[in-house]
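*Asks:* Sharing data-v8.txt, compact mmCIF, C-alpha atoms:
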# COMPACT_ATOMS: atom_id res chain seq x y z
CA MET A 258 124.13 75.27 230.36
CA GLU A 259 123.15 74.66 226.79
CA THR A 260 125.52 75.02 223.83
CA THR A 261 124.46 75.60 220.26
CA THR A 262 126.65 74.58 217.43
CA ILE A 263 126.25 75.90 213.95
CA ALA A 264 127.52 73.56 211.36
CA ASN A 265 129.06 74.91 208.19
CA SER A 266 127.14 73.59 205.24
CA ILE A 267 128.90 73.24 201.98
CA ILE A 268 126.97 72.76 198.78
CA GLN A 269 128.84 70.86 196.20
CA ILE A 270 127.76 70.78 192.58
CA ASP A 271 129.50 68.44 190.28
CA ALA A 272 129.96 69.03 186.54
CA LEU A 273 126.85 67.08 185.49
CA GLN A 274 124.58 68.98 187.87
CA GLY A 275 126.14 72.29 186.78
CA PHE A 276 125.59 71.41 183.14
CA PHE A 277 121.90 70.56 183.73
CA GLY A 278 121.45 73.77 185.74
CA LEU A 279 122.99 75.84 182.95
CA VAL A 280 120.83 74.10 180.33
CA ALA A 281 117.73 74.75 182.45
CA LEU A 282 118.67 78.43 182.79
CA VAL A 283 119.30 78.84 179.05
CA LEU A 284 116.07 77.01 178.24
CA THR A 285 114.08 79.24 180.63
CA VAL A 286 115.59 82.42 179.17
CA GLY A 287 114.88 81.15 175.63
CA ILE A 288 111.26 80.39 176.44
CA ALA A 289 110.84 83.78 178.09
CA TRP A 290 112.43 85.50 175.06
CA GLY A 291 110.17 83.62 172.64
CA THR A 292 107.09 84.45 174.67
CA LEU A 293 108.07 88.12 174.83
CA ARG A 294 108.69 88.21 171.07
CA THR A 295 105.31 86.63 170.39
CA LEU A 296 103.60 89.18 172.63
CA VAL A 297 105.38 92.09 170.92
CA LYS A 298 104.36 90.76 167.49
CA GLY A 299 100.77 90.50 168.74
CA ILE A 300 100.87 94.08 169.95
CA LYS A 301 102.33 95.24 166.62
CA THR A 302 99.58 93.42 164.73
CA THR A 303 96.93 95.00 166.94
CA LEU A 304 98.44 98.45 166.42
CA ASP A 305 98.60 97.99 162.64
CA THR A 306 95.14 96.49 162.13
CA GLU A 307 93.00 98.03 164.85
CA ILE A 308 94.51 101.19 166.28
CA LYS A 309 96.12 102.89 163.25
CA PRO A 310 92.89 102.95 161.19
CA GLY A 311 91.05 104.36 164.21
CA LEU A 312 93.68 107.07 164.64
CA LYS A 313 93.22 108.14 161.03
CA ASP A 314 89.51 108.60 161.71
CA VAL A 315 90.32 110.58 164.86
CA ARG A 316 92.71 112.83 162.90
CA GLU A 317 90.03 113.53 160.28
CA ARG A 318 87.44 114.28 162.95
CA PHE A 319 89.90 116.50 164.84
CA GLY A 320 90.62 118.45 161.66
CA LYS A 321 86.92 119.13 161.17
CA THR A 322 86.51 120.10 164.81
CA GLU A 323 89.54 122.37 164.66
CA ASP A 324 88.07 124.15 161.62
CA ARG A 325 84.74 124.64 163.38
CA VAL A 326 86.40 125.95 166.54
CA GLU A 327 88.46 128.38 164.46
CA THR A 328 85.26 129.64 162.83
CA LEU A 329 83.66 130.14 166.24
CA TRP A 330 86.81 131.91 167.46
CA LYS A 331 86.73 134.28 164.49
CA ASP A 332 83.04 134.95 165.12
CA LYS A 333 83.99 136.62 168.43
CA PHE A 334 85.52 139.49 166.43
CA ALA A 335 83.85 139.31 163.02
CA PRO A 336 80.65 137.30 162.42
CA ALA A 337 80.71 134.77 159.61
CA ARG A 338 79.03 136.74 156.89
CA SER A 339 80.73 137.31 153.60
CA PRO A 340 82.72 139.43 153.69
CA ARG A 341 83.55 139.23 157.39
CA GLN A 342 83.43 142.62 159.05
CA LEU A 343 84.49 143.53 162.56
CA ASN A 344 81.74 143.55 165.16
CA ASP A 345 81.79 145.86 168.22
CA ARG A 346 84.25 143.63 170.05
CA GLY A 347 86.52 143.44 167.00
CA LYS A 348 86.41 147.23 166.60
CA ASN A 349 87.29 147.61 170.29
CA VAL A 350 90.27 145.25 169.89
CA LEU A 351 91.34 147.21 166.80
CA GLU A 352 91.48 150.45 168.78
CA VAL A 353 92.55 149.29 172.26
CA SER A 354 95.27 146.87 171.14
CA GLY A 355 97.03 149.41 168.94
CA ILE A 356 97.03 147.00 165.96
CA LYS A 357 95.34 149.69 163.85
CA GLU A 358 98.35 152.01 164.26
CA ILE A 359 100.78 149.16 163.61
CA ILE A 360 98.97 148.19 160.39
CA ASP A 361 98.83 151.85 159.31
CA GLN A 362 102.60 152.18 159.88
CA LYS A 363 103.49 148.89 158.15
CA LYS A 364 100.85 149.06 155.39
CA GLU A 365 103.27 149.52 152.49
CA ASP A 366 105.61 146.73 153.67
CA LEU A 367 102.68 144.35 154.16
CA LEU A 368 101.14 145.30 150.80
CA LYS A 369 104.40 144.43 149.06
CA ILE A 370 104.48 141.01 150.74
CA VAL A 371 100.85 140.37 149.71
CA LYS A 372 101.52 141.43 146.11
CA ASP A 373 104.57 139.14 145.97
CA LYS A 374 102.17 136.21 146.41
CA ASN A 375 100.84 136.79 142.86
CA ILE A 376 97.18 136.54 143.75
CA ASP A 377 94.59 136.65 141.00
CA ASN A 378 91.21 136.37 142.71
CA PRO A 379 89.47 137.93 145.72
CA TYR A 380 89.41 134.75 147.80
CA ASP A 381 93.15 134.16 147.50
CA ALA A 382 93.77 137.87 148.12
CA GLU A 383 91.85 137.76 151.39
CA GLN A 384 93.61 134.57 152.49
CA ALA A 385 97.01 136.06 151.61
CA ILE A 386 96.29 139.23 153.58
CA LEU A 387 95.14 137.31 156.67
CA SER A 388 98.17 135.02 156.40
CA VAL A 389 100.64 137.90 156.06
CA VAL A 390 99.20 139.68 159.09
CA SER A 391 99.11 136.48 161.14
CA GLU A 392 102.87 136.28 160.49
CA LEU A 393 103.40 139.98 161.28
CA PRO A 394 105.92 139.24 164.06
CA LYS A 395 108.03 137.35 161.49
CA HIS A 396 107.79 140.10 158.87
CA CYS A 397 108.21 142.99 161.32
CA PRO A 398 109.99 141.78 164.47
CA ASP A 399 110.16 145.34 165.80
CA VAL A 400 106.42 145.25 166.64
CA ILE A 401 106.31 142.05 168.70
CA ASP A 402 106.34 143.82 172.07
CA LYS A 403 103.67 146.31 170.92
CA ILE A 404 101.44 143.43 169.78
CA LYS A 405 101.88 141.59 173.09
CA ASP A 406 101.17 144.73 175.08
CA GLY A 407 98.13 145.46 172.93
CA ALA A 408 96.78 141.95 173.34
CA PHE A 409 97.12 142.31 177.09
CA ARG A 410 95.35 145.71 177.09
CA ALA A 411 92.53 144.38 174.91
CA GLY A 412 92.17 141.20 176.96
CA VAL A 413 92.62 138.86 173.99
CA ASP A 414 95.36 136.61 172.67
CA ILE A 415 97.91 137.63 170.07
CA GLU A 416 96.16 135.59 167.36
CA GLY A 417 92.96 137.55 167.99
CA VAL A 418 94.78 140.88 167.64
CA LEU A 419 96.42 139.72 164.40
CA PHE A 420 93.13 138.44 162.99
CA VAL A 421 91.47 141.80 163.66
CA GLY A 422 94.50 143.52 162.10
CA GLY A 423 94.22 141.26 159.07
CA LEU A 424 90.61 142.26 158.45
CA TYR A 425 91.54 145.91 158.91
CA LEU A 426 94.40 145.62 156.38
CA ARG A 427 92.13 143.76 153.96
CA ASN A 428 89.64 146.62 154.07
CA LEU A 429 92.45 149.16 153.54
CA ILE A 430 94.08 147.57 150.48
CA PHE A 431 91.50 145.27 148.90
CA LYS A 432 89.91 147.69 146.44
CA LYS A 433 92.40 150.53 146.16
CA ASP A 434 95.66 148.59 145.97
CA LEU A 435 94.67 145.10 144.83
CA GLY A 436 91.72 145.96 142.57
CA PHE A 437 89.21 143.60 144.17
CA ASP A 438 85.80 144.45 145.57
CA LEU A 439 84.80 143.04 148.94
CA LEU A 440 81.53 141.92 147.36
CA ASP A 441 83.57 139.67 145.06
CA LEU A 442 84.24 137.48 148.11
CA ASP A 443 80.65 136.21 147.84
CA LYS A 444 81.30 134.94 144.33
CA PRO A 445 82.71 131.44 143.78
CA LYS A 446 86.49 131.06 143.52
CA VAL A 447 87.63 130.93 139.90
CA SER A 448 90.69 128.78 139.18
I need this file expressed as structure tokens, please.
*Replies:*
Amino acid sequence: METTTIANSIIQIDALQGFFGLVALVLTVGIAWGTLRTLVKGIKTTLDTEIKPGLKDVRERFGKTEDRVETLWKDKFAPARSPRQLNDRGKNVLEVSGIKEIIDQKKEDLLKIVKDKNIDNPYDAEQAILSVVSELPKHCPDVIDKIKDGAFRAGVDIEGVLFVGGLYLRNLIFKKDLGFDLLDLDKPKVS
């Protein structure tokens, strides 16, 4: 019969060996920390000199693209001729969505908000009208559900319904209430 004996091994470290081990550990951590710091500084330099300037260019390009996409989006309802007028799809959205009735009901309130903007030329008047109607849920919270329901019925998004409503309101108040002619929109903006 064979017997196996396992001997207990004891590792003994004296003070000098412990000291050198601790120094080695501290030195390793220090080198690792220094290397990490150098790498982070390198990344920061790369971000500052190479990536940030590129991002600025991307932002500028995105802004131009966003403007062009918005123009194409508006063309679905009102082709880009000055002044924009609703096409057949825009007229359908005006009727089916119920935005026409909402604008008719809120006309006086919206006109007051537009007039409070102290506009003095046709371009600013048109922009103010479109802006006020785009914020219709803020100005008239009681119509939010009607606008959502109308957008669903018309098969368009809320922004589309509000854009169509903005052009409708512009045509209602531009000449009679604000004293501008739609043909004045073709003329250059006077500051």
*Asks:* Distance cut-off 12 Å, centre (99.9, 145.4, 152.8) in file coordinates, counting all atoms listed in the file: which residues qualify? Return them as a ChimeraX atom specification.
*Replies:* /A:359-374,382-383,385-390,393,396,422-431,433-435
*Asks:* Quote the spacing between atom CA of Asp406 of chain A and atom CA of Gly355 of chain A in Å to one decimal place.
*Replies:*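 About the pair atom CA of Asp406 of chain A and atom CA of Gly355 of chain A: they are 8.8 Å apart.
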*Asks:* How many Å lie between atom CA of Lys309 of chain A and atom CA of Gly291 of chain A, rounded to one decimal?
*Replies:*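 Going from atom CA of Lys309 of chain A over to atom CA of Gly291 of chain A covers 25.6 Å.
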*Asks:* So what do you get for atom CA of Ile356 of chain A versus atom CA of Leu440 of chain A, distance-wise?
*Replies:*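 We find that atom CA of Ile356 of chain A and atom CA of Leu440 of chain A lie 24.7 Å from each other.
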*Asks:* Smallest atom-to-atom distance to Phe420 of chain A: which of A:Asp381, A:Lys333, A:Asp345, A:Gly278, using all atoms listed in the file?
*Replies:*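 Checking each candidate against Phe420 of chain A, we get A:Lys333 as the closest.
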*Asks:* Between A:Cys397, A:Ala411, A:Ala281, A:Asp438, which is the closest to Gly347 of chain A once you count only C-alpha atoms?
*Replies:*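 Using only C-alpha atoms, the shortest distance to Gly347 of chain A belongs to A:Ala411.
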*Asks:* Using all atoms listed in the file, which residue out of A:Asp305, A:Glu416, A:Asp314, A:Arg341 lies closest to Glu392 of chain A?
*Replies:*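 Among the listed residues, A:Glu416 lies closest to Glu392 of chain A.
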*Asks:* Looking at all atoms listed in the file, which of A:Leu312, A:Ile300, A:Pro394, A:Val421 is the one that sits closest to Gln342 of chain A?
*Replies:*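 With all atoms listed in the file as the atom set, the closest residue is A:Val421.
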